[in-house]
file upload-v8.cif (mmCIF, C-alpha atoms)
data_final
loop_
_atom_site.label_atom_id
_atom_site.label_comp_id
_atom_site.auth_asym_id
_atom_site.auth_seq_id
_atom_site.Cartn_x
_atom_site.Cartn_y
_atom_site.Cartn_z
CA MET P 735 0.00 0.00 0.00
CA ILE P 736 2.72 2.43 1.00
CA TYR P 737 4.70 1.40 -2.08
CA TRP P 738 1.75 2.11 -4.31
CA GLN P 739 1.37 5.55 -2.71
CA LEU P 740 5.08 6.19 -3.19
CA PHE P 741 4.79 5.13 -6.81
CA LEU P 742 1.90 7.53 -7.41
CA ALA P 743 3.54 10.36 -5.48
CA PHE P 744 6.51 10.33 -7.84
CA PHE P 745 4.81 9.09 -10.98
CA ILE P 746 2.45 12.08 -11.14
CA PRO P 747 5.15 14.79 -10.82
CA GLY P 748 7.34 12.87 -13.27
CA ILE P 749 4.69 12.71 -15.93
CA LEU P 750 3.44 16.30 -15.42
CA GLY P 751 6.68 18.19 -14.82
CA TYR P 752 7.51 19.78 -18.13
CA GLY P 753 10.86 21.54 -18.02
CA GLY P 754 13.06 18.96 -16.34
CA GLY P 755 13.45 18.01 -12.71
CA PRO P 756 13.21 21.50 -11.15
CA ALA P 757 9.72 21.93 -12.67
CA SER P 758 8.56 18.87 -10.79
CA ILE P 759 9.71 20.15 -7.35
CA PRO P 760 6.40 21.87 -6.49
CA LEU P 761 4.48 18.88 -7.82
CA VAL P 762 6.47 16.56 -5.56
CA GLU P 763 5.80 18.92 -2.66
CA ASN P 764 2.10 18.80 -3.45
CA GLU P 765 2.08 15.01 -3.10
CA VAL P 766 4.53 14.59 -0.25
CA VAL P 767 3.46 17.46 2.00
CA LYS P 768 -0.14 18.21 1.10
CA ARG P 769 -1.60 14.94 -0.07
CA TYR P 770 0.14 12.17 1.86
CA GLU P 771 1.51 14.34 4.70
CA TRP P 772 4.73 12.39 4.93
CA MET P 773 6.65 15.58 5.74
CA THR P 774 6.08 19.11 6.96
CA VAL P 775 6.97 22.10 4.78
CA GLN P 776 10.06 22.67 6.92
CA GLU P 777 11.25 19.07 6.57
CA PHE P 778 10.68 19.21 2.84
CA GLY P 779 12.64 22.46 2.76
CA GLU P 780 15.59 20.83 4.50
CA VAL P 781 15.58 17.92 2.06
CA LEU P 782 15.43 20.40 -0.80
CA ALA P 783 18.29 22.45 0.62
CA ILE P 784 20.57 19.45 0.98
CA GLY P 785 19.43 18.21 -2.42
CA ASN P 786 20.32 21.54 -3.99
CA SER P 787 23.75 21.54 -2.46
CA LEU P 788 24.59 18.11 -3.86
CA PRO P 789 25.28 17.41 -7.52
CA GLY P 790 23.08 15.42 -9.89
CA PRO P 791 19.45 15.50 -11.00
CA ILE P 792 17.17 16.94 -8.31
CA ALA P 793 13.98 14.98 -9.03
CA THR P 794 15.64 11.61 -8.53
CA LYS P 795 17.47 12.78 -5.41
CA LEU P 796 14.14 13.77 -3.87
CA ALA P 797 12.51 10.51 -4.95
CA GLY P 798 15.42 8.43 -3.71
CA TYR P 799 15.62 10.08 -0.31
CA ILE P 800 11.90 10.49 0.43
CA GLY P 801 11.23 6.95 -0.77
CA TYR P 802 13.93 5.71 1.59
CA GLU P 803 12.54 7.70 4.53
CA ILE P 804 9.02 6.38 4.01
CA GLY P 805 9.58 2.86 2.75
CA GLY P 806 13.21 1.84 3.19
CA VAL P 807 15.44 0.65 0.37
CA PHE P 808 12.57 -0.84 -1.59
CA GLY P 809 10.58 2.37 -1.17
CA SER P 810 13.53 4.27 -2.57
CA VAL P 811 13.74 1.98 -5.59
CA VAL P 812 10.00 2.27 -6.26
CA SER P 813 10.06 6.06 -6.03
CA VAL P 814 13.07 6.47 -8.29
CA PHE P 815 11.58 4.04 -10.79
CA ALA P 816 8.29 5.98 -10.78
CA SER P 817 10.01 9.27 -11.45
CA VAL P 818 12.41 8.02 -14.14
CA ALA P 819 10.78 5.18 -16.04
CA PRO P 820 7.59 6.75 -17.49
CA SER P 821 9.33 9.70 -19.09
CA LEU P 822 12.20 7.54 -20.31
CA ILE P 823 9.82 5.06 -21.92
CA LEU P 824 7.97 7.96 -23.57
CA MET P 825 11.31 9.24 -24.82
CA LEU P 826 12.26 5.89 -26.35
CA PHE P 827 8.90 5.30 -28.01
CA LEU P 828 7.68 8.77 -28.87
CA GLY P 829 11.11 10.13 -29.68
CA SER P 830 10.99 9.28 -33.35
CA ILE P 831 7.40 10.49 -33.73
CA LEU P 832 8.05 13.79 -32.00
CA TYR P 833 11.20 14.21 -34.03
CA LYS P 834 9.08 14.32 -37.18
CA TYR P 835 6.84 17.03 -35.76
CA LYS P 836 9.41 18.89 -33.72
CA ASN P 837 8.71 22.15 -35.51
CA SER P 838 4.95 21.89 -35.21
CA ALA P 839 3.33 24.62 -33.15
CA LYS P 840 1.34 22.06 -31.20
CA VAL P 841 4.42 20.30 -29.92
CA LYS P 842 6.06 23.58 -28.98
CA ARG P 843 2.91 24.71 -27.18
CA LEU P 844 2.93 21.68 -24.89
CA THR P 845 5.82 23.00 -22.85
CA LEU P 846 4.69 26.62 -22.96
CA PHE P 847 1.20 25.90 -21.65
CA VAL P 848 2.49 24.17 -18.55
CA GLN P 849 4.92 27.00 -17.73
CA PRO P 850 2.44 29.27 -15.86
CA VAL P 851 1.19 26.43 -13.64
CA ILE P 852 4.73 25.60 -12.58
CA ALA P 853 5.46 29.29 -12.01
CA ILE P 854 2.50 29.65 -9.65
CA LEU P 855 3.23 26.45 -7.76
CA LEU P 856 6.87 27.45 -7.32
CA GLY P 857 5.91 30.96 -6.28
CA VAL P 858 3.52 29.66 -3.64
CA MET P 859 6.24 27.35 -2.35
CA ALA P 860 8.74 30.20 -2.11
CA TRP P 861 6.12 32.19 -0.20
CA LYS P 862 5.54 29.30 2.19
CA PHE P 863 9.26 29.00 2.92
CA PHE P 864 9.49 32.71 3.68
CA LEU P 865 6.41 32.54 5.88
CA GLU P 866 7.81 29.53 7.72
CA SER P 867 11.06 31.35 8.25
CA TYR P 868 9.27 34.51 9.43
CA VAL P 869 7.40 32.50 12.06
CA GLY P 870 10.54 30.62 13.07
CA ILE P 871 13.30 33.21 13.18
CA GLY P 872 11.56 36.54 12.60
CA PHE P 873 11.39 39.17 9.90
CA TRP P 874 14.88 40.66 10.05
CA GLN P 875 16.79 37.38 10.17
CA THR P 876 14.76 36.11 7.22
CA ILE P 877 15.39 39.23 5.14
CA LEU P 878 19.07 39.25 6.10
CA ILE P 879 19.73 35.61 5.23
CA ALA P 880 17.63 35.65 2.06
CA GLY P 881 19.19 38.92 0.89
CA ILE P 882 22.79 37.91 1.48
CA SER P 883 22.32 34.48 -0.04
CA TYR P 884 20.67 36.08 -3.09
CA LEU P 885 23.66 38.33 -3.62
CA LEU P 886 26.10 35.47 -3.11
CA ILE P 887 24.40 32.98 -5.42
CA GLU P 888 22.88 35.13 -8.13
CA LYS P 889 25.18 38.11 -8.25
CA TRP P 890 28.58 36.80 -7.24
CA LYS P 891 27.94 33.28 -8.52
CA VAL P 892 29.07 31.54 -5.37
CA HIS P 893 28.22 27.87 -5.47
CA PRO P 894 24.91 27.11 -3.64
CA ALA P 895 26.61 24.33 -1.66
CA PHE P 896 28.91 26.89 0.01
CA VAL P 897 26.06 29.29 0.69
CA ILE P 898 23.93 26.58 2.28
CA PHE P 899 26.92 25.44 4.29
CA ALA P 900 27.50 29.03 5.45
CA ALA P 901 23.83 29.35 6.41
CA ILE P 902 24.08 26.14 8.42
CA VAL P 903 27.13 27.43 10.30
CA TYR P 904 25.49 30.81 10.89
CA GLY P 905 22.34 29.12 12.15
CA GLY P 906 24.30 26.80 14.42
CA PHE P 907 25.96 29.73 16.19
CA MET P 908 23.49 32.58 15.98
CA LEU P 909 19.98 31.17 16.01
CA MET G 702 32.48 -4.46 -21.24
CA ARG G 703 34.57 -1.53 -22.33
CA THR G 704 31.47 0.17 -23.73
CA GLN G 705 29.54 -0.33 -20.51
CA TRP G 706 32.42 1.12 -18.54
CA ASN G 707 32.50 4.15 -20.82
CA ILE G 708 28.75 4.67 -20.51
CA PHE G 709 29.04 4.43 -16.76
CA MET G 710 31.89 6.92 -16.54
CA ALA G 711 30.26 9.39 -18.93
CA PHE G 712 27.10 9.66 -16.88
CA PHE G 713 28.78 9.27 -13.52
CA ARG G 714 31.00 12.26 -14.23
CA SER G 715 28.24 14.44 -15.61
CA GLY G 716 26.01 13.51 -12.68
CA MET G 717 28.59 14.16 -9.99
CA LEU G 718 29.70 17.47 -11.45
CA GLY G 719 26.31 18.88 -12.37
CA PHE G 720 25.27 21.11 -9.49
CA GLY G 721 21.83 22.64 -9.76
CA GLY G 722 19.76 19.69 -10.91
CA GLY G 723 19.49 17.87 -14.21
CA PRO G 724 19.34 20.89 -16.53
CA ALA G 725 22.70 22.05 -15.14
CA SER G 726 24.31 18.82 -16.27
CA ILE G 727 23.19 19.08 -19.91
CA PRO G 728 26.40 20.78 -21.11
CA LEU G 729 28.46 18.21 -19.19
CA ILE G 730 26.57 15.35 -20.83
CA GLN G 731 27.09 16.98 -24.20
CA LYS G 732 30.82 17.14 -23.58
CA GLU G 733 31.01 13.43 -22.78
CA VAL G 734 28.65 12.19 -25.50
CA VAL G 735 29.74 14.43 -28.36
CA GLU G 736 33.30 15.50 -27.65
CA LYS G 737 34.83 12.73 -25.60
CA TYR G 738 33.26 9.50 -26.86
CA ASN G 739 31.86 10.63 -30.22
CA TRP G 740 28.66 8.67 -29.70
CA MET G 741 26.61 11.39 -31.41
CA THR G 742 27.21 14.40 -33.58
CA GLU G 743 26.55 17.87 -32.26
CA GLU G 744 23.40 18.01 -34.36
CA GLU G 745 22.03 14.65 -33.23
CA PHE G 746 22.57 15.72 -29.65
CA GLY G 747 20.67 18.95 -30.27
CA ASP G 748 17.74 17.06 -31.76
CA MET G 749 17.66 14.63 -28.89
CA LEU G 750 17.68 17.52 -26.44
CA ALA G 751 14.79 19.24 -28.21
CA ILE G 752 12.71 16.07 -28.04
CA ALA G 753 13.61 15.44 -24.42
CA ASN G 754 12.50 18.97 -23.60
CA THR G 755 9.05 18.49 -25.07
CA LEU G 756 8.48 15.43 -22.90
CA PRO G 757 7.81 15.63 -19.17
CA GLY G 758 10.02 14.37 -16.37
CA PRO G 759 13.64 14.77 -15.30
CA ILE G 760 15.88 15.68 -18.22
CA ALA G 761 19.21 14.14 -17.17
CA THR G 762 17.82 10.62 -16.85
CA LYS G 763 15.97 10.89 -20.15
CA LEU G 764 19.24 11.75 -21.86
CA ALA G 765 21.23 9.08 -20.01
CA GLY G 766 18.64 6.42 -20.81
CA TYR G 767 18.30 7.39 -24.44
CA VAL G 768 22.02 7.61 -25.14
CA GLY G 769 22.68 4.37 -23.26
CA TYR G 770 19.94 2.63 -25.24
CA ARG G 771 21.29 3.83 -28.57
CA ILE G 772 24.79 2.62 -27.82
CA SER G 773 24.14 -0.75 -26.28
CA GLY G 774 20.46 -1.51 -25.89
CA PHE G 775 18.64 -2.19 -22.67
CA THR G 776 21.76 -2.82 -20.57
CA GLY G 777 23.27 0.44 -21.74
CA MET G 778 20.09 2.25 -20.81
CA LEU G 779 20.03 0.84 -17.29
CA ASN G 780 23.72 1.53 -16.90
CA GLY G 781 23.42 5.16 -18.01
CA VAL G 782 20.46 5.93 -15.74
CA PHE G 783 22.07 4.14 -12.80
CA ALA G 784 25.35 6.01 -13.19
CA SER G 785 23.64 9.38 -13.37
CA ILE G 786 21.43 9.02 -10.29
CA PHE G 787 22.73 6.38 -7.91
CA PRO G 788 25.83 8.08 -6.44
CA THR G 789 23.99 11.28 -5.57
CA ILE G 790 21.05 9.46 -4.01
CA ILE G 791 23.43 7.61 -1.70
CA LEU G 792 25.12 10.87 -0.72
CA MET G 793 21.73 12.41 -0.05
CA ILE G 794 20.56 9.57 2.20
CA LEU G 795 23.83 9.52 4.15
CA LEU G 796 23.86 13.28 4.75
CA LEU G 797 20.22 13.62 5.72
CA THR G 798 20.03 10.62 8.00
CA SER G 799 23.14 11.73 9.87
CA LEU G 800 21.74 15.26 10.16
CA SER G 801 18.42 14.06 11.53
CA SER G 802 20.02 11.89 14.21
CA PHE G 803 21.16 15.15 15.85
CA ARG G 804 17.80 16.82 15.39
CA ASP G 805 16.99 17.32 19.06
CA PHE G 806 19.96 19.57 19.76
CA ASP G 807 19.19 23.29 19.80
CA TRP G 808 22.06 24.21 17.56
CA VAL G 809 20.93 21.75 14.89
CA GLN G 810 17.50 23.37 14.89
CA GLY G 811 19.19 26.73 14.45
CA MET G 812 21.12 25.31 11.52
CA THR G 813 18.05 24.08 9.70
CA ALA G 814 16.12 27.28 10.48
CA ALA G 815 18.81 29.33 8.75
CA VAL G 816 18.56 27.19 5.63
CA VAL G 817 14.84 27.84 5.13
CA PRO G 818 15.17 31.44 3.86
CA VAL G 819 17.98 30.35 1.52
CA VAL G 820 15.69 27.73 0.02
CA GLY G 821 12.89 30.29 -0.20
CA MET G 822 15.19 32.62 -2.09
CA MET G 823 16.29 29.88 -4.49
CA MET G 824 12.66 28.94 -5.12
CA ALA G 825 11.84 32.59 -5.77
CA VAL G 826 14.63 32.83 -8.35
CA LEU G 827 13.45 29.63 -10.02
CA THR G 828 9.90 31.01 -10.02
CA TRP G 829 11.03 34.17 -11.73
CA GLY G 830 12.66 32.03 -14.45
CA PHE G 831 9.35 30.31 -15.19
CA VAL G 832 7.42 33.59 -15.01
CA LYS G 833 9.75 35.09 -17.59
CA LYS G 834 9.36 32.09 -19.89
CA ALA G 835 5.58 32.25 -19.60
CA GLY G 836 5.62 36.02 -20.16
CA LYS G 837 7.71 35.71 -23.30
CA GLY G 838 5.67 32.80 -24.64
CA PHE G 839 2.20 34.20 -24.11
CA GLY G 840 2.90 37.93 -24.00
CA TRP G 841 2.86 39.62 -20.61
CA GLU G 842 -0.78 40.75 -20.52
CA LYS G 843 -2.11 37.35 -21.36
CA ALA G 844 0.35 35.65 -19.04
CA ILE G 845 -0.86 37.75 -16.09
CA ILE G 846 -4.52 36.96 -16.81
CA ILE G 847 -3.76 33.26 -17.22
CA GLY G 848 -1.68 33.37 -14.06
CA GLY G 849 -4.56 34.93 -12.14
CA ILE G 850 -7.05 32.31 -13.28
CA LEU G 851 -4.62 29.51 -12.50
CA PHE G 852 -3.85 30.96 -9.08
CA ILE G 853 -7.54 30.90 -8.19
CA ALA G 854 -7.94 27.36 -9.51
CA LEU G 855 -4.88 26.06 -7.64
CA GLN G 856 -4.86 27.96 -4.37
CA ILE G 857 -8.48 28.91 -3.74
CA LEU G 858 -10.44 26.14 -5.43
CA HIS G 859 -7.67 23.61 -4.60
CA ILE G 860 -7.89 21.73 -7.85
CA HIS G 861 -5.08 19.17 -8.17
CA PRO G 862 -2.32 20.58 -10.40
CA GLY G 863 -2.35 17.33 -12.37
CA ILE G 864 -5.89 17.94 -13.55
CA ILE G 865 -5.11 21.53 -14.52
CA ILE G 866 -1.97 20.52 -16.41
CA ALA G 867 -3.87 17.74 -18.21
CA VAL G 868 -6.54 20.24 -19.30
CA LEU G 869 -3.91 22.70 -20.51
CA LEU G 870 -2.13 19.98 -22.48
CA ILE G 871 -5.38 19.01 -24.17
CA ILE G 872 -6.01 22.66 -25.04
CA ALA G 873 -2.45 22.94 -26.42
CA LEU G 874 -2.99 19.93 -28.66
CA THR G 875 -6.47 20.79 -29.90
CA LEU G 876 -5.93 24.46 -30.68
CA ARG G 877 -5.51 25.07 -34.37
CA ASP G 878 -1.98 25.76 -35.54
CA LYS G 879 -1.46 29.46 -35.80
CA PRO G 880 1.58 31.43 -34.78
CA HIS G 881 -0.51 33.55 -32.46
CA VAL G 882 -3.01 31.80 -30.33
CA ARG G 883 -6.15 33.85 -30.13
CA ASN G 884 -8.03 32.08 -27.40
CA SER G 885 -5.55 30.89 -24.83
CA GLY G 886 -8.27 29.54 -22.51
CA GLY G 887 -6.23 29.96 -19.33
CA GLY G 888 -7.68 27.22 -17.19
CA LYS G 889 -11.39 26.68 -17.26
CA SER G 890 -10.82 23.63 -15.25
#
call {"tool": "encode", "arguments": {"input": "upload-v8.cif", "output": "structure tokens"}}
result
Amino acid sequence: MIYWQLFLAFFIPGILGYGGGPASIPLVENEVVKRYEWMTVQEFGEVLAIGNSLPGPIATKLAGYIGYEIGGVFGSVVSVFASVAPSLILMLFLGSILYKYKNSAKVKRLTLFVQPVIAILLGVMAWKFFLESYVGIGFWQTILIAGISYLLIEKWKVHPAFVIFAAIVYGGFML
Amino acid sequence: MRTQWNIFMAFFRSGMLGFGGGPASIPLIQKEVVEKYNWMTEEEFGDMLAIANTLPGPIATKLAGYVGYRISGFTGMLNGVFASIFPTIILMILLLTSLSSFRDFDWVQGMTAAVVPVVGMMMAVLTWGFVKKAGKGFGWEKAIIIGGILFIALQILHIHPGIIIAVLLIIALTLRDKPHVRNSGGGKS
């Protein structure tokens, strides 16, 4: 039963997340936090933070870890399979068909039409993280940490792993 | 055997060095597949990428599976996917389980609290990327209207995103081909 739920929880984001793994993050959150309540927003945020600071595809890291947390090694295998296999099978079978129509407006529209949904889901998630942080550590700490990490990552191109590590150290001493 | 080893190394390297999720590892995969092992031409790789982008799901594993399959069938496919995801999943499990065994200490809670705004910021940046893409694709006015309708459907009416995406995909496929879509039908879901 739990394995079937794990399968669905990662199958749905995998099959609906147009735009690679990052697009499926809010969809995974929707299943894991909202629907099955396996984790709180904060726990999911921690998993995401560690996931972002490690290399490799994000969707499978989430599936692998959350699957393991909920259903052990077999749960991990089921979750990873659910997130990888459907889209890979589509790729192998539909690849040649899509290739023929790759310039058709319909095929191009597929990705575009999903874009706004992902944007809203991601935006809501960002909002929830800020809200969570505001409740936990207050307004000024939140603004300070978010602002500095924005400058470091986006402006000065510091690697996210270092920034997250720095935040962890700061939090360990100051909060 | 040699081929399998090469497939493994190609996707192991691009997986372990690609920080920032699958899309970040695309140029690394291209380097291995096109430049190092000459499994595909530049053009073939581009076509494969375009197709992979129109399909849902994680991009890195689609590429690994497809390239592996083309080079040595089913085994190659399994090998490629395994090499690109397995090492990082193990790292992830090790790090998080060791972190959570210290969870009850105050200073660990401080640590995780400080990470939350960083994640929020990264999500916000990612959001802005998708907003820009939607704005360019639809035109800003239309994108804002569509966004508003979708926001109500998702956050106020609490319709499952899967249903909304399915409806949008059907609209995308049934609309007549014209460069400018007149009726974009935001989300009458």
call {"tool": "closest_residue", "arguments": {"input": "upload-v8.cif", "among": "P:Met773, P:Ile852, P:Ala783, P:Leu822", "to": "Ile865 of chain G", "atoms": "all atoms listed in the file"}}
result
P:Ile852
call {"tool": "interface_residues", "arguments": {"input": "upload-v8.cif", "of": "chain G", "to": "chain P", "cutoff": "6 Å", "atoms": "all atoms listed in the file", "output": "ChimeraX atom specification"}}
result
/G:716-720,722-723,755,757-760,763,790,794,808,811-812,815-816,818-822,824-825,828,831-832,835,870,873-874,878
call {"tool": "atom_distance", "arguments": {"input": "upload-v8.cif", "atom1": "atom CA of Phe746 of chain G", "atom2": "atom CA of Val768 of chain G"}}
result
9.3 Å
call {"tool": "atom_distance", "arguments": {"input": "upload-v8.cif", "atom1": "atom CA of Phe839 of chain G", "atom2": "atom CA of Gly747 of chain G"}}
result
24.7 Å
call {"tool": "atom_distance", "arguments": {"input": "upload-v8.cif", "atom1": "atom CA of Ala753 of chain G", "atom2": "atom CA of Phe827 of chain P"}}
result
11.7 Å
call {"tool": "resolve_selection", "arguments": {"input": "upload-v8.cif", "expression": "the PyMOL selection byres ((chain G and resi 776-778) around 12)", "output": "ChimeraX atom specification"}}
result
/P:818-819,822-823,825-826 /G:702-712,762-775,779-785
call {"tool": "closest_residue", "arguments": {"input": "upload-v8.cif", "among": "G:Ile850, G:Ile845, G:Ser799, G:Ala761", "to": "Gln731 of chain G", "atoms": "all atoms listed in the file"}}
result
G:Ala761
call {"tool": "resolve_selection", "arguments": {"input": "upload-v8.cif", "expression": "the PyMOL selection byres ((chain P and resi 805) around 12)", "output": "PDB file with C-alpha atoms, in the frame of the given file"}}
result
ATOM      1  CA  MET P 735       0.000   0.000   0.000  1.00  0.00           C
ATOM      2  CA  ILE P 736       2.720   2.430   1.000  1.00  0.00           C
ATOM      3  CA  TYR P 737       4.700   1.400  -2.080  1.00  0.00           C
ATOM      4  CA  TRP P 738       1.750   2.110  -4.310  1.00  0.00           C
ATOM      5  CA  GLN P 739       1.370   5.550  -2.710  1.00  0.00           C
ATOM      6  CA  LEU P 740       5.080   6.190  -3.190  1.00  0.00           C
ATOM      7  CA  PHE P 741       4.790   5.130  -6.810  1.00  0.00           C
ATOM      8  CA  TRP P 772       4.730  12.390   4.930  1.00  0.00           C
ATOM      9  CA  ALA P 797      12.510  10.510  -4.950  1.00  0.00           C
ATOM     10  CA  GLY P 798      15.420   8.430  -3.710  1.00  0.00           C
ATOM     11  CA  TYR P 799      15.620  10.080  -0.310  1.00  0.00           C
ATOM     12  CA  ILE P 800      11.900  10.490   0.430  1.00  0.00           C
ATOM     13  CA  GLY P 801      11.230   6.950  -0.770  1.00  0.00           C
ATOM     14  CA  TYR P 802      13.930   5.710   1.590  1.00  0.00           C
ATOM     15  CA  GLU P 803      12.540   7.700   4.530  1.00  0.00           C
ATOM     16  CA  ILE P 804       9.020   6.380   4.010  1.00  0.00           C
ATOM     17  CA  GLY P 806      13.210   1.840   3.190  1.00  0.00           C
ATOM     18  CA  VAL P 807      15.440   0.650   0.370  1.00  0.00           C
ATOM     19  CA  PHE P 808      12.570  -0.840  -1.590  1.00  0.00           C
ATOM     20  CA  GLY P 809      10.580   2.370  -1.170  1.00  0.00           C
ATOM     21  CA  SER P 810      13.530   4.270  -2.570  1.00  0.00           C
ATOM     22  CA  VAL P 811      13.740   1.980  -5.590  1.00  0.00           C
ATOM     23  CA  VAL P 812      10.000   2.270  -6.260  1.00  0.00           C
ATOM     24  CA  SER P 813      10.060   6.060  -6.030  1.00  0.00           C
TER      25      SER P 813
END
